[in-house]
Amino acid sequence: MLERPQIKGKSTAAHPPLPIRRVDAIPVALPLKSPMKMSGITITTAENVLVRIEAADGSVGWGEAASAPTMTGDTLGGLVAAVRDHLAPLLVGQDAHDRPALVPALRRALIGNTGAHSSVEMALLDLTCRASKMRLIDAVAPRPLRTQVKPMWLLGNATPEQDIAEARDREREGFHFFKLKIGVKSLADEIATAFAVREALGTKMPLCADANGGLTLANAKRYIERTRAAKLAFIEQPLPPDDLAGLKTLARMKRPIGIDEGIHSLADVTANARAGAAGVSLKLIKLGGFITAYDAAKLCRKLRLKINVAAKIAESSIATAAAVQLACAVPNVDWGVSLTHFYLADDIVKAPLPIRDGAVSLPSRPGLGVEIDEAAVERFRVKWHS
Ligand SMILES: [Mg+2]
């Protein structure tokens, strides 16, 4: 039997109560424009959970989290079960404005499951900010530090020629930061690709590489040493996330190492900084939501870590809007922003976040700032849970 969270500090007269009437966990499968090959996994369809929270007055907030078996352990079925069976029953009847007390109570009631927690918190923030007619960022950060972000583009083709052709196309659209997905081809091919793409894009173009934890220590050392002259801005997660001893060894090579799969908490940020990481990738699904990701960014500043703010491949404009708001709220986004709705063949909002001159603007409407296309949600709904 699930117990209702003990809520302290009931909302005051500043907000009329916003009782939660229902919470739905909706599994969707969103087709990608083309398959994305990473170390350990190839993604052709984004299997995400959408969370729809409806208040007694009929107003609605939305959240989203990507399944990520090789990053958070979250599967689509697991996400749906976590929200539907464990979190939703604790929320119905509560005042959504009590989010600051509700979220910790939900976390105590269900350990881990960071993707599910993130999607629920996102929907609560969207709902309450819409009710207060404020942007999500204004509810969390003292002031936005920027009003747009310039996302990076991922390159993961079979040949350097294909990577270069794709990069040139995206450069024409204004993309000005590229990431090579490595750990898929032979090491010699990965190294050759780094040099070929660097030569084609010129020395000024920010270029980095992400191994998704797929290199051995010996190969990571070789890659880092031999790509020195390719001037990669950073090499992300070269080793499996629990190999902090290996990270210490690599850090002695004096090349910037980023950590992504290894960051699931503020304690992980500190541990990886101590092991020599130069920066981290912050994703809402890994940290369990926007507020913790924002706190992690503040910790990174204290630890002098560089930050990449990222959505997961591939989230729609719902979770991407949250990533944009996070990236506009934190100061030290030195390693760029990864937005992923571009990789989807179709979106589930009425107006997908556009890119203009290489930049995506902070949405101006209340909440997340996107309007959900419920007909599209139904079109992509996975039926096995309905
Ligand atoms: Mg990564």
# chains A, B, ... in the order shown; residues from 1 in each chain; ligands from 1
call {"tool": "select_by_dssp", "arguments": {"residues": "region 183-363 of chain A", "states": "alpha helix (DSSP H)", "output": "number ranges by chain"}}
result
A: 187-201, 217-226, 244-251, 266-274, 284-287, 290-302, 317-329
call {"tool": "closest_atom_pairs", "arguments": {"of": "chain A", "to": "ligand 1", "cutoff": "6 Å", "atoms": "only C-alpha atoms and all ligand atoms", "output": "CSV"}}
result
residue,atom,partner,partner_atom_place_in_ligand_line,distance
A:Asp210,CA,ligand 1,1 (Mg),5.6
A:Asn212,CA,ligand 1,1 (Mg),5.6
A:Asp260,CA,ligand 1,1 (Mg),5.1
call {"tool": "closest_atom_pairs", "arguments": {"of": "region 188-262 of chain A", "to": "region 135-154 of chain A", "cutoff": "12 Å", "atoms": "only C-alpha atoms", "output": "JSON lines"}}
result
{"residue": "A:Met205", "atom": "CA", "partner": "A:Met152", "partner_atom": "CA", "distance": 10.9}
{"residue": "A:Pro206", "atom": "CA", "partner": "A:Met152", "partner_atom": "CA", "distance": 9.0}
{"residue": "A:Leu207", "atom": "CA", "partner": "A:Met152", "partner_atom": "CA", "distance": 9.1}
{"residue": "A:Cys208", "atom": "CA", "partner": "A:Leu154", "partner_atom": "CA", "distance": 9.5}
{"residue": "A:Ala209", "atom": "CA", "partner": "A:Leu154", "partner_atom": "CA", "distance": 9.2}
{"residue": "A:Asp210", "atom": "CA", "partner": "A:Leu154", "partner_atom": "CA", "distance": 9.4}
call {"tool": "closest_atom_pairs", "arguments": {"of": "region 316-349 of chain A", "to": "region 217-241 of chain A", "cutoff": "12 Å", "atoms": "only C-alpha atoms", "output": "tab-separated table"}}
result
residue	atom	partner	partner_atom	distance
A:Asp334	CA	A:Ala233	CA	10.0
A:Trp335	CA	A:Ala233	CA	7.9
A:Gly336	CA	A:Ala233	CA	10.3
call {"tool": "closest_residue", "arguments": {"among": "A:Ala196, A:Cys300, A:Val333, A:Leu287", "to": "Val269 (chain A)", "atoms": "only C-alpha atoms"}}
result
A:Cys300
call {"tool": "atom_distance", "arguments": {"atom1": "CA of Ser119 (chain A)", "atom2": "CA of Thr42 (chain A)"}}
result
23.4 Å
call {"tool": "select_by_dssp", "arguments": {"residues": "region 149-334 of chain A", "states": "strand (DSSP E)", "output": "MDAnalysis selection string"}}
result
chainID A and resid 149 153:155 178:181 207:210 235:236 257:259 279:282 306:310
call {"tool": "atom_distance", "arguments": {"atom1": "CA of Gly93 (chain A)", "atom2": "CA of Thr292 (chain A)"}}
result
24.9 Å
call {"tool": "atom_distance", "arguments": {"atom1": "CA of Glu54 (chain A)", "atom2": "CA of Arg22 (chain A)"}}
result
5.3 Å
call {"tool": "residues_around", "arguments": {"residues": "Lys312 (chain A)", "least_positions_apart": "5", "cutoff": "12 Å", "atoms": "only C-alpha atoms", "output": "PDB file with C-alpha atoms, in the first residue's frame"}}
result
ATOM      1  CA  MET A  36      21.759   7.070 -34.555  1.00  0.00           C
ATOM      2  CA  ILE A  43      18.523   4.074 -31.923  1.00  0.00           C
ATOM      3  CA  ALA A  46      12.780   7.349 -29.568  1.00  0.00           C
ATOM      4  CA  GLU A  47      10.776   5.477 -26.940  1.00  0.00           C
ATOM      5  CA  ASN A  48       9.731   8.149 -24.459  1.00  0.00           C
ATOM      6  CA  GLU A  64       8.748  13.968 -21.002  1.00  0.00           C
ATOM      7  CA  ALA A  65      11.627  11.563 -20.461  1.00  0.00           C
ATOM      8  CA  ALA A  66      13.469   9.375 -22.927  1.00  0.00           C
ATOM      9  CA  SER A  67      14.040   5.744 -22.112  1.00  0.00           C
ATOM     10  CA  ALA A  68      17.770   5.204 -21.862  1.00  0.00           C
ATOM     11  CA  PRO A  69      18.713   1.613 -21.042  1.00  0.00           C
ATOM     12  CA  THR A  70      22.448   2.305 -21.439  1.00  0.00           C
ATOM     13  CA  MET A  71      22.415   5.605 -19.548  1.00  0.00           C
ATOM     14  CA  THR A  72      19.840   5.550 -16.735  1.00  0.00           C
ATOM     15  CA  GLY A 115      13.750   9.549 -15.877  1.00  0.00           C
ATOM     16  CA  LEU A 154      26.070  15.001 -33.702  1.00  0.00           C
ATOM     17  CA  ASP A 260      28.130  12.108 -19.149  1.00  0.00           C
ATOM     18  CA  GLU A 261      27.013   8.557 -18.293  1.00  0.00           C
ATOM     19  CA  SER A 281      27.123  16.791 -19.409  1.00  0.00           C
ATOM     20  CA  LEU A 282      23.927  17.617 -17.503  1.00  0.00           C
ATOM     21  CA  LYS A 283      20.767  15.820 -18.584  1.00  0.00           C
ATOM     22  CA  LEU A 284      17.473  16.035 -16.736  1.00  0.00           C
ATOM     23  CA  ILE A 285      16.811  12.294 -17.035  1.00  0.00           C
ATOM     24  CA  LYS A 286      20.078  11.429 -15.275  1.00  0.00           C
ATOM     25  CA  SER A 317      10.276  19.729 -28.180  1.00  0.00           C
ATOM     26  CA  ILE A 318       8.724  19.100 -24.720  1.00  0.00           C
ATOM     27  CA  ALA A 319      11.911  17.926 -22.960  1.00  0.00           C
ATOM     28  CA  THR A 320      14.010  19.989 -25.350  1.00  0.00           C
ATOM     29  CA  ALA A 322      13.212  22.244 -20.619  1.00  0.00           C
ATOM     30  CA  ALA A 323      16.838  21.750 -21.730  1.00  0.00           C
ATOM     31  CA  VAL A 337      24.101  22.548 -25.760  1.00  0.00           C
ATOM     32  CA  SER A 338      22.802  19.333 -27.292  1.00  0.00           C
ATOM     33  CA  LEU A 339      19.171  19.492 -28.409  1.00  0.00           C
ATOM     34  CA  THR A 340      17.641  16.423 -29.927  1.00  0.00           C
ATOM     35  CA  HIS A 341      14.228  17.206 -31.433  1.00  0.00           C
ATOM     36  CA  PHE A 342      16.035  17.962 -34.715  1.00  0.00           C
ATOM     37  CA  TYR A 343      16.748  14.256 -35.097  1.00  0.00           C
ATOM     38  CA  LEU A 344      13.052  13.300 -35.005  1.00  0.00           C
TER      39      LEU A 344
END
